[in-house]
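Colleague: Pasting run39.csv here (CSV, C-alpha atoms):
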chain,number,residue,atom,x,y,z
P,1194,MET,CA,130.6,80.2,42.5
P,1195,SER,CA,128.5,82.2,40.0
P,1196,THR,CA,129.0,85.9,39.6
P,1197,ALA,CA,125.3,86.5,39.0
P,1198,PRO,CA,124.4,87.0,42.6
P,1199,SER,CA,127.2,89.5,43.2
P,1200,ARG,CA,126.2,91.5,40.1
P,1201,ARG,CA,122.5,91.7,41.1
P,1202,PRO,CA,122.9,94.6,43.6
P,1203,HIS,CA,124.9,96.6,41.0
P,1204,LEU,CA,122.2,96.0,38.4
P,1205,LEU,CA,119.4,97.0,40.7
P,1206,ALA,CA,121.3,100.1,41.7
P,1207,ALA,CA,122.0,101.0,38.1
P,1208,GLY,CA,118.3,100.5,37.3
P,1209,ALA,CA,117.2,102.7,40.2
P,1210,ALA,CA,119.7,105.4,39.0
P,1211,THR,CA,118.3,105.2,35.5
P,1212,VAL,CA,114.7,105.6,36.7
P,1213,THR,CA,115.8,108.7,38.7
P,1214,VAL,CA,117.6,110.3,35.8
P,1215,VAL,CA,114.7,109.8,33.4
P,1216,LEU,CA,112.1,111.2,35.8
P,1217,TRP,CA,114.3,114.2,36.9
P,1218,ALA,CA,114.7,115.0,33.2
P,1219,SER,CA,110.9,114.9,32.7
P,1220,ALA,CA,110.5,117.3,35.6
P,1221,PHE,CA,112.0,120.2,33.5
P,1222,VAL,CA,109.2,119.8,31.0
P,1223,SER,CA,106.6,119.7,33.7
P,1224,ILE,CA,108.1,122.7,35.6
P,1225,ARG,CA,107.9,124.8,32.4
P,1226,SER,CA,104.2,124.2,32.3
P,1227,ALA,CA,103.3,124.5,36.0
P,1228,GLY,CA,105.6,127.4,36.5
P,1229,GLU,CA,103.5,129.6,34.3
P,1230,ALA,CA,100.6,129.4,36.8
P,1231,TYR,CA,102.4,128.8,40.1
P,1232,SER,CA,104.9,131.0,41.9
P,1233,PRO,CA,108.2,129.3,42.9
P,1234,GLY,CA,107.3,128.8,46.6
P,1235,ALA,CA,103.7,127.6,45.8
P,1236,LEU,CA,105.0,125.2,43.2
P,1237,ALA,CA,107.6,123.8,45.6
P,1238,LEU,CA,105.0,123.3,48.4
P,1239,GLY,CA,102.4,121.7,46.1
P,1240,ARG,CA,105.0,119.4,44.7
P,1241,LEU,CA,106.3,118.4,48.2
P,1242,LEU,CA,102.8,117.9,49.6
P,1243,SER,CA,101.9,115.6,46.7
P,1244,GLY,CA,105.1,113.7,47.1
P,1245,ALA,CA,104.7,113.4,50.9
P,1246,LEU,CA,101.2,112.1,50.5
P,1247,ALA,CA,102.2,109.4,48.0
P,1248,LEU,CA,105.2,108.4,50.1
P,1249,GLY,CA,103.1,108.4,53.3
P,1250,VAL,CA,100.6,106.0,51.8
P,1251,ILE,CA,103.4,103.6,50.7
P,1252,CYS,CA,105.0,103.8,54.1
P,1253,LEU,CA,101.7,102.8,55.7
P,1254,LEU,CA,101.2,99.9,53.3
P,1255,ARG,CA,104.7,98.7,54.0
P,1256,ARG,CA,104.4,99.4,57.7
P,1257,GLU,CA,107.6,101.5,57.8
P,1258,GLY,CA,108.2,103.0,61.2
P,1259,LEU,CA,110.1,106.1,62.2
P,1260,PRO,CA,113.7,106.2,61.1
P,1261,PRO,CA,116.3,105.3,63.8
P,1262,ARG,CA,117.7,108.3,65.7
P,1263,PRO,CA,121.2,108.2,64.1
P,1264,ALA,CA,119.5,108.8,60.7
P,1265,TRP,CA,117.6,112.0,61.7
P,1266,ARG,CA,120.5,114.4,61.3
P,1267,GLY,CA,121.1,113.5,57.7
P,1268,ILE,CA,117.4,113.4,57.0
P,1269,ALA,CA,116.8,116.8,58.5
P,1270,ILE,CA,119.7,118.5,56.7
P,1271,SER,CA,118.9,116.9,53.3
P,1272,GLY,CA,115.2,117.8,53.8
P,1273,LEU,CA,116.0,121.5,54.5
P,1274,LEU,CA,118.7,121.9,51.8
P,1275,TRP,CA,117.5,119.6,49.0
P,1276,PHE,CA,113.8,119.1,49.3
P,1277,GLY,CA,113.0,122.6,50.6
P,1278,PHE,CA,115.5,125.3,49.8
P,1279,TYR,CA,116.7,123.8,46.5
P,1280,MET,CA,113.3,123.4,45.0
P,1281,VAL,CA,112.2,127.0,45.9
P,1282,VAL,CA,115.4,128.6,44.7
P,1283,LEU,CA,115.6,126.6,41.5
P,1284,ASN,CA,112.0,127.4,40.6
P,1285,TRP,CA,112.8,131.1,41.3
P,1286,GLY,CA,116.1,131.0,39.3
P,1287,GLU,CA,114.4,129.5,36.3
P,1288,GLN,CA,112.1,132.5,36.2
P,1289,GLU,CA,115.1,134.8,36.0
P,1290,VAL,CA,117.4,133.0,33.5
P,1291,ASP,CA,116.8,130.9,30.5
P,1292,ALA,CA,116.8,127.1,30.7
P,1293,GLY,CA,120.2,126.7,29.2
P,1294,THR,CA,121.9,129.0,31.7
P,1295,ALA,CA,120.0,127.3,34.6
P,1296,ALA,CA,121.1,123.8,33.5
P,1297,LEU,CA,124.7,125.0,33.1
P,1298,VAL,CA,124.9,126.6,36.5
P,1299,VAL,CA,123.1,123.8,38.4
P,1300,ASN,CA,125.4,121.2,36.8
P,1301,VAL,CA,128.2,122.6,39.1
P,1302,GLY,CA,126.4,120.4,41.7
P,1303,PRO,CA,127.9,117.0,40.8
P,1304,ILE,CA,131.4,118.5,41.0
P,1305,LEU,CA,130.6,119.9,44.5
P,1306,ILE,CA,129.2,116.5,45.5
P,1307,ALA,CA,132.4,114.7,44.5
P,1308,LEU,CA,134.5,117.2,46.4
P,1309,LEU,CA,132.4,117.3,49.5
P,1310,GLY,CA,132.1,113.5,49.4
P,1311,ALA,CA,135.8,113.1,49.3
P,1312,ARG,CA,136.3,115.7,52.1
P,1313,LEU,CA,133.4,114.7,54.5
P,1314,LEU,CA,132.6,111.0,53.6
P,1315,GLY,CA,136.0,109.8,52.7
P,1316,ASP,CA,134.9,108.9,49.1
P,1317,THR,CA,137.7,108.2,46.6
P,1318,LEU,CA,138.0,110.1,43.4
P,1319,PRO,CA,139.2,107.5,40.9
P,1320,PRO,CA,140.6,108.7,37.6
P,1321,ARG,CA,137.6,107.2,35.6
P,1322,LEU,CA,135.2,109.3,37.7
P,1323,LEU,CA,137.2,112.5,37.3
P,1324,ALA,CA,137.6,111.9,33.6
P,1325,GLY,CA,133.9,111.1,33.1
P,1326,MET,CA,132.9,114.2,35.1
P,1327,ALA,CA,135.1,116.4,32.9
P,1328,VAL,CA,133.6,115.0,29.7
P,1329,SER,CA,130.1,115.4,31.1
P,1330,PHE,CA,130.6,118.9,32.3
P,1331,ALA,CA,132.0,119.9,28.9
P,1332,GLY,CA,128.8,118.4,27.4
P,1333,ALA,CA,126.6,120.4,29.9
P,1334,VAL,CA,128.5,123.6,29.0
P,1335,THR,CA,127.8,122.9,25.3
P,1336,VAL,CA,124.1,122.2,25.9
P,1337,GLY,CA,123.8,125.3,28.1
P,1338,LEU,CA,125.4,127.6,25.7
P,1339,SER,CA,123.5,126.2,22.7
P,1340,MET,CA,120.2,126.7,24.6
P,1341,SER,CA,120.9,130.1,26.1
P,1342,GLY,CA,118.8,133.0,24.8
P,1343,GLU,CA,120.2,136.4,24.0
P,1344,GLY,CA,119.9,138.7,27.0
P,1345,GLY,CA,117.7,136.3,28.9
P,1346,SER,CA,119.9,135.9,32.0
P,1347,SER,CA,120.4,138.1,35.0
P,1348,LEU,CA,123.1,138.1,37.6
P,1349,PHE,CA,120.5,137.5,40.3
P,1350,GLY,CA,119.1,134.4,38.5
P,1351,VAL,CA,122.6,133.0,38.1
P,1352,VAL,CA,123.2,133.4,41.8
P,1353,LEU,CA,119.9,131.7,42.6
P,1354,CYS,CA,120.9,128.7,40.4
P,1355,LEU,CA,124.3,128.6,42.0
P,1356,LEU,CA,122.7,128.5,45.4
P,1357,ALA,CA,120.5,125.7,44.2
P,1358,ALA,CA,123.6,123.7,43.1
P,1359,VAL,CA,125.2,124.2,46.5
P,1360,ALA,CA,122.0,123.1,48.3
P,1361,TYR,CA,121.7,120.1,46.0
P,1362,ALA,CA,125.3,119.0,46.8
P,1363,GLY,CA,125.0,119.6,50.5
P,1364,GLY,CA,121.7,117.6,50.6
P,1365,VAL,CA,123.2,114.6,48.8
P,1366,VAL,CA,126.3,114.4,51.0
P,1367,ALA,CA,124.1,114.8,54.2
P,1368,GLN,CA,121.7,112.0,52.9
P,1369,LYS,CA,124.4,109.5,52.4
P,1370,PRO,CA,125.2,108.7,56.1
P,1371,ALA,CA,121.5,108.5,56.9
P,1372,LEU,CA,121.1,105.7,54.4
P,1373,GLY,CA,123.4,103.6,56.6
P,1374,HIS,CA,120.8,103.6,59.4
P,1375,ALA,CA,117.4,103.9,57.6
P,1376,SER,CA,115.8,102.6,54.4
P,1377,ALA,CA,115.7,104.6,51.2
P,1378,LEU,CA,111.9,104.9,51.6
P,1379,GLN,CA,112.2,106.3,55.2
P,1380,VAL,CA,115.0,108.7,54.2
P,1381,THR,CA,113.0,110.0,51.3
P,1382,THR,CA,109.6,110.2,53.0
P,1383,PHE,CA,110.8,112.1,56.1
P,1384,GLY,CA,113.1,114.3,54.0
P,1385,CYS,CA,110.2,115.3,51.9
P,1386,LEU,CA,108.1,116.0,55.0
P,1387,VAL,CA,110.9,118.3,56.4
P,1388,GLY,CA,111.0,120.1,53.0
P,1389,ALA,CA,107.2,120.5,53.0
P,1390,VAL,CA,107.2,122.0,56.5
P,1391,LEU,CA,109.9,124.4,55.5
P,1392,CYS,CA,107.7,125.6,52.6
P,1393,LEU,CA,104.5,126.0,54.6
P,1394,PRO,CA,104.8,129.8,54.6
P,1395,PHE,CA,103.9,129.6,50.9
P,1396,ALA,CA,100.5,127.9,51.7
P,1397,GLY,CA,98.6,131.1,51.1
P,1398,GLN,CA,100.2,131.5,47.7
P,1399,LEU,CA,99.5,127.9,46.8
P,1400,VAL,CA,95.8,128.3,47.6
P,1401,ARG,CA,95.5,131.5,45.5
P,1402,ASP,CA,97.5,130.1,42.6
P,1403,ALA,CA,95.5,126.9,42.6
P,1404,ALA,CA,92.2,128.8,42.4
P,1405,ASP,CA,93.3,130.5,39.1
P,1406,ALA,CA,95.6,127.8,37.6
P,1407,PRO,CA,94.5,125.8,34.6
P,1408,ALA,CA,94.0,122.1,35.3
P,1409,SER,CA,97.0,121.2,33.2
P,1410,ALA,CA,99.3,123.2,35.4
P,1411,THR,CA,97.9,121.6,38.6
P,1412,LEU,CA,98.2,118.1,37.1
P,1413,ASN,CA,101.9,118.9,36.2
P,1414,MET,CA,102.5,120.0,39.8
P,1415,VAL,CA,101.0,116.7,41.1
P,1416,TYR,CA,103.0,114.8,38.6
P,1417,LEU,CA,106.2,116.5,39.9
P,1418,GLY,CA,105.3,115.4,43.4
P,1419,VAL,CA,104.4,111.8,42.7
P,1420,PHE,CA,107.0,110.8,40.1
P,1421,PRO,CA,110.1,113.1,40.0
P,1422,THR,CA,109.9,113.5,43.8
P,1423,ALA,CA,108.3,110.5,45.5
P,1424,LEU,CA,109.5,107.9,43.1
P,1425,ALA,CA,112.7,109.3,41.7
P,1426,PHE,CA,114.1,110.5,45.1
P,1427,THR,CA,113.4,107.1,46.5
P,1428,THR,CA,115.2,105.3,43.7
P,1429,TRP,CA,118.0,107.8,44.0
P,1430,ALA,CA,118.4,107.0,47.7
P,1431,TYR,CA,118.3,103.3,47.0
P,1432,ALA,CA,121.1,103.7,44.5
P,1433,LEU,CA,123.1,106.2,46.6
P,1434,ALA,CA,123.1,103.6,49.5
P,1435,ARG,CA,125.0,101.3,47.2
P,1436,THR,CA,127.6,103.5,45.7
P,1437,THR,CA,129.5,106.7,46.4
P,1438,ALA,CA,128.0,110.2,46.4
P,1439,GLY,CA,130.4,111.3,43.7
P,1440,ARG,CA,129.5,108.5,41.3
P,1441,MET,CA,125.8,109.2,41.8
P,1442,GLY,CA,126.3,112.9,41.2
P,1443,ALA,CA,128.1,112.2,38.0
P,1444,THR,CA,125.1,110.0,36.8
P,1445,THR,CA,122.9,113.1,36.8
P,1446,TYR,CA,124.9,114.6,34.0
P,1447,ALA,CA,122.7,112.4,31.8
P,1448,VAL,CA,119.7,114.7,32.7
P,1449,PRO,CA,120.6,117.5,30.2
P,1450,ALA,CA,120.8,115.1,27.3
P,1451,LEU,CA,117.4,113.5,28.2
P,1452,VAL,CA,115.8,117.0,28.6
P,1453,VAL,CA,116.9,117.8,25.1
P,1454,LEU,CA,115.3,114.6,23.8
P,1455,MET,CA,112.1,115.0,25.8
P,1456,SER,CA,111.7,118.6,24.7
P,1457,TRP,CA,112.1,117.5,21.1
P,1458,LEU,CA,109.5,114.8,21.5
P,1459,ALA,CA,107.0,116.5,23.9
P,1460,LEU,CA,107.3,120.1,22.9
P,1461,GLY,CA,108.5,119.9,19.3
P,1462,GLU,CA,111.7,121.9,20.1
P,1463,VAL,CA,114.1,120.6,17.5
P,1464,PRO,CA,117.7,120.7,18.9
P,1465,GLY,CA,120.6,122.0,16.9
P,1466,LEU,CA,123.7,120.1,16.1
P,1467,LEU,CA,125.6,121.8,18.9
P,1468,THR,CA,122.9,120.8,21.4
P,1469,LEU,CA,122.9,117.2,20.2
P,1470,ALA,CA,126.7,117.1,20.4
P,1471,GLY,CA,126.6,118.4,24.0
P,1472,GLY,CA,124.0,115.8,24.9
P,1473,ALA,CA,126.2,113.0,23.5
P,1474,LEU,CA,129.1,114.3,25.5
P,1475,CYS,CA,127.0,114.2,28.7
P,1476,LEU,CA,126.0,110.6,28.1
P,1477,ALA,CA,129.6,109.6,27.2
P,1478,GLY,CA,130.9,111.1,30.4
P,1479,VAL,CA,128.4,109.3,32.5
P,1480,ALA,CA,129.4,106.0,30.8
P,1481,VAL,CA,133.0,106.7,31.6
P,1482,SER,CA,132.4,107.7,35.2
P,1483,ARG,CA,130.3,104.6,35.9
P,1484,SER,CA,132.5,102.1,34.1
P,1485,ARG,CA,134.6,99.6,36.0
P,1486,LYS,CA,137.9,97.9,35.4
P,1487,GLY,CA,137.8,94.6,33.7
P,1488,THR,CA,138.2,92.6,36.9
P,1489,ALA,CA,135.4,92.6,39.4
P,1490,ALA,CA,136.1,95.2,42.0
P,1491,ALA,CA,135.3,94.4,45.7
P,1492,PRO,CA,134.2,97.1,48.0
P,1493,PRO,CA,137.1,98.9,49.8
P,1494,PRO,CA,138.0,97.3,53.1
P,1495,GLY,CA,136.0,98.8,56.0
P,1496,ARG,CA,133.5,100.6,53.8
P,1497,VAL,CA,129.8,99.6,53.9
P,1498,THR,CA,127.7,100.6,50.9
P,1499,GLU,CA,124.6,98.7,51.8
P,1500,PRO,CA,122.0,100.0,54.3
P,1501,ARG,CA,120.8,98.0,57.2
P,1502,THR,CA,120.9,94.2,56.6
P,1503,LYS,CA,117.2,93.9,57.0
P,1504,ASP,CA,116.5,96.6,54.4
P,1505,THR,CA,118.8,95.1,51.7
P,1506,GLY,CA,117.0,95.1,48.4
P,1507,ARG,CA,114.2,97.3,49.7
P,1508,VAL,CA,113.0,100.5,48.1
Could you show the structure in this file as structure tokens?
Modeller:
Amino acid sequence: MSTAPSRRPHLLAAGAATVTVVLWASAFVSIRSAGEAYSPGALALGRLLSGALALGVICLLRREGLPPRPAWRGIAISGLLWFGFYMVVLNWGEQEVDAGTAALVVNVGPILIALLGARLLGDTLPPRLLAGMAVSFAGAVTVGLSMSGEGGSSLFGVVLCLLAAVAYAGGVVAQKPALGHASALQVTTFGCLVGAVLCLPFAGQLVRDAADAPASATLNMVYLGVFPTALAFTTWAYALARTTAGRMGATTYAVPALVVLMSWLALGEVPGLLTLAGGALCLAGVAVSRSRKGTAAAPPPGRVTEPRTKDTGRV
């Protein structure tokens, strides 16, 4: 009779999405530090190995087995595109362009996620989602332009960031069906392992860079693996299993606003009024895209947003 039990899954998913967004925003600050001592491929491999180790320990403690066979296609594709290719290309791109340009180009990703989700997964594109994405993208453009340096961008860097956005979108859409067969922890763990295997050719660079890198850079690399990767990708998968790919993609528009705030607090980089206005637009757009009508909305007939019954509520 009470609405509390029916609201609990939505609250848990919203909480998981919030954890993801905050940790992904913190990753930009850590990448800036670690990227000064580690090459793009070495940083991606070190991050993935740290994440895979943390996830592997949790899987052993929780006695998680191998994912079911139907989940492997989505896990493999998301591992190759998102955990592997995306991380290397984004690290590389951020060495070629300034942070504002990188953030602007990568924020094409949520739009691609919504379009691919509608095409391949049958997701709907409600007016609130489209309106929220439009507002958030305008905010991302504002933040990107306000943070862009003069002459700091190259066409090659922009192409790399665009490839990262495409890989990000493809990885999310591939991951969604896998979550119907395996738990969020399984999908994240084995996707991370696939990405780590893809990055193994950078093992030599990782060893050489680690020998010369300061302790702070190495600690930032480990942080990237344990928190923005192992934890944040798991909470992302948990939330994605309980909503549409497009809605989850729109949630990541909060990242630029949080990056501005974290850079202000951690690095002393005082944002300008235009940057603050863009960040506010990003957050407003996320609020619109995730808002619901006044009446409680039931899941569309025939659509299952929960993973396997025995995994419900698990991270």
Colleague: Mind running stretch 1345-1406 of chain P against stretch 1215-1235 of chain P at 10 Å and telling me each contacting residue's nearest atom pair with the distance in Å (one decimal), counting only C-alpha atoms, chain and number ascending, as JSON lines?
Modeller:
{"residue": "P:Cys1392", "atom": "CA", "partner": "P:Gly1234", "partner_atom": "CA", "distance": 6.8}
{"residue": "P:Leu1393", "atom": "CA", "partner": "P:Gly1234", "partner_atom": "CA", "distance": 8.9}
{"residue": "P:Pro1394", "atom": "CA", "partner": "P:Gly1234", "partner_atom": "CA", "distance": 8.4}
{"residue": "P:Phe1395", "atom": "CA", "partner": "P:Ala1235", "partner_atom": "CA", "distance": 5.5}
{"residue": "P:Ala1396", "atom": "CA", "partner": "P:Ala1235", "partner_atom": "CA", "distance": 6.7}
{"residue": "P:Gly1397", "atom": "CA", "partner": "P:Ala1235", "partner_atom": "CA", "distance": 8.1}
{"residue": "P:Gln1398", "atom": "CA", "partner": "P:Ala1235", "partner_atom": "CA", "distance": 5.6}
{"residue": "P:Leu1399", "atom": "CA", "partner": "P:Ala1235", "partner_atom": "CA", "distance": 4.3}
{"residue": "P:Val1400", "atom": "CA", "partner": "P:Ala1235", "partner_atom": "CA", "distance": 8.1}
{"residue": "P:Arg1401", "atom": "CA", "partner": "P:Ala1235", "partner_atom": "CA", "distance": 9.1}
{"residue": "P:Asp1402", "atom": "CA", "partner": "P:Tyr1231", "partner_atom": "CA", "distance": 5.7}
{"residue": "P:Ala1403", "atom": "CA", "partner": "P:Tyr1231", "partner_atom": "CA", "distance": 7.6}
{"residue": "P:Asp1405", "atom": "CA", "partner": "P:Ala1230", "partner_atom": "CA", "distance": 7.7}
{"residue": "P:Ala1406", "atom": "CA", "partner": "P:Ala1230", "partner_atom": "CA", "distance": 5.3}
Colleague: Which is closer to P:Val1415 than all the others in P:Gly1272, P:Gly1332, P:Pro1260, P:Gly1244, using all atoms listed in the file?
Modeller: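 Closest candidate: P:Gly1244.
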Colleague: Could you list, as number ranges by chain, every residue within 8 Å of stretch 1345-1356 of chain P, counting only C-alpha atoms and ignoring same-chain residues fewer than 4 positions away?
Modeller: P: 1279, 1282-1283, 1285-1291, 1294-1295, 1298-1299, 1301, 1341, 1360
Colleague: So which residues fall inside 9 Å of (128.9, 116.5, 42.9) if we count all atoms listed in the file? Mind giving them as a list of chain:residue names?
Modeller: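 Applying the cut-off with all atoms listed in the file, one gets P:Asn1300, P:Val1301, P:Gly1302, P:Pro1303, P:Ile1304, P:Leu1305, P:Ile1306, P:Ala1307, P:Leu1308, P:Leu1309, P:Gly1310, P:Ala1358, P:Tyr1361, P:Ala1362, P:Val1365, P:Val1366, P:Ala1438, P:Gly1439, P:Arg1440, P:Met1441, P:Gly1442, P:Ala1443.
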Colleague: Have a look at atom CA of P:Val1380 and atom CA of P:Leu1238 and let me know their distance in Å, one decimal.
Modeller: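 Going from atom CA of P:Val1380 over to atom CA of P:Leu1238 covers 18.6 Å.
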Colleague: Report, in Å with one decimal, the straight-line distance from atom CA of P:Ala1430 to atom CA of P:Ala1477.
Modeller: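 One can read the atom CA of P:Ala1430 to atom CA of P:Ala1477 distance as 23.5 Å.
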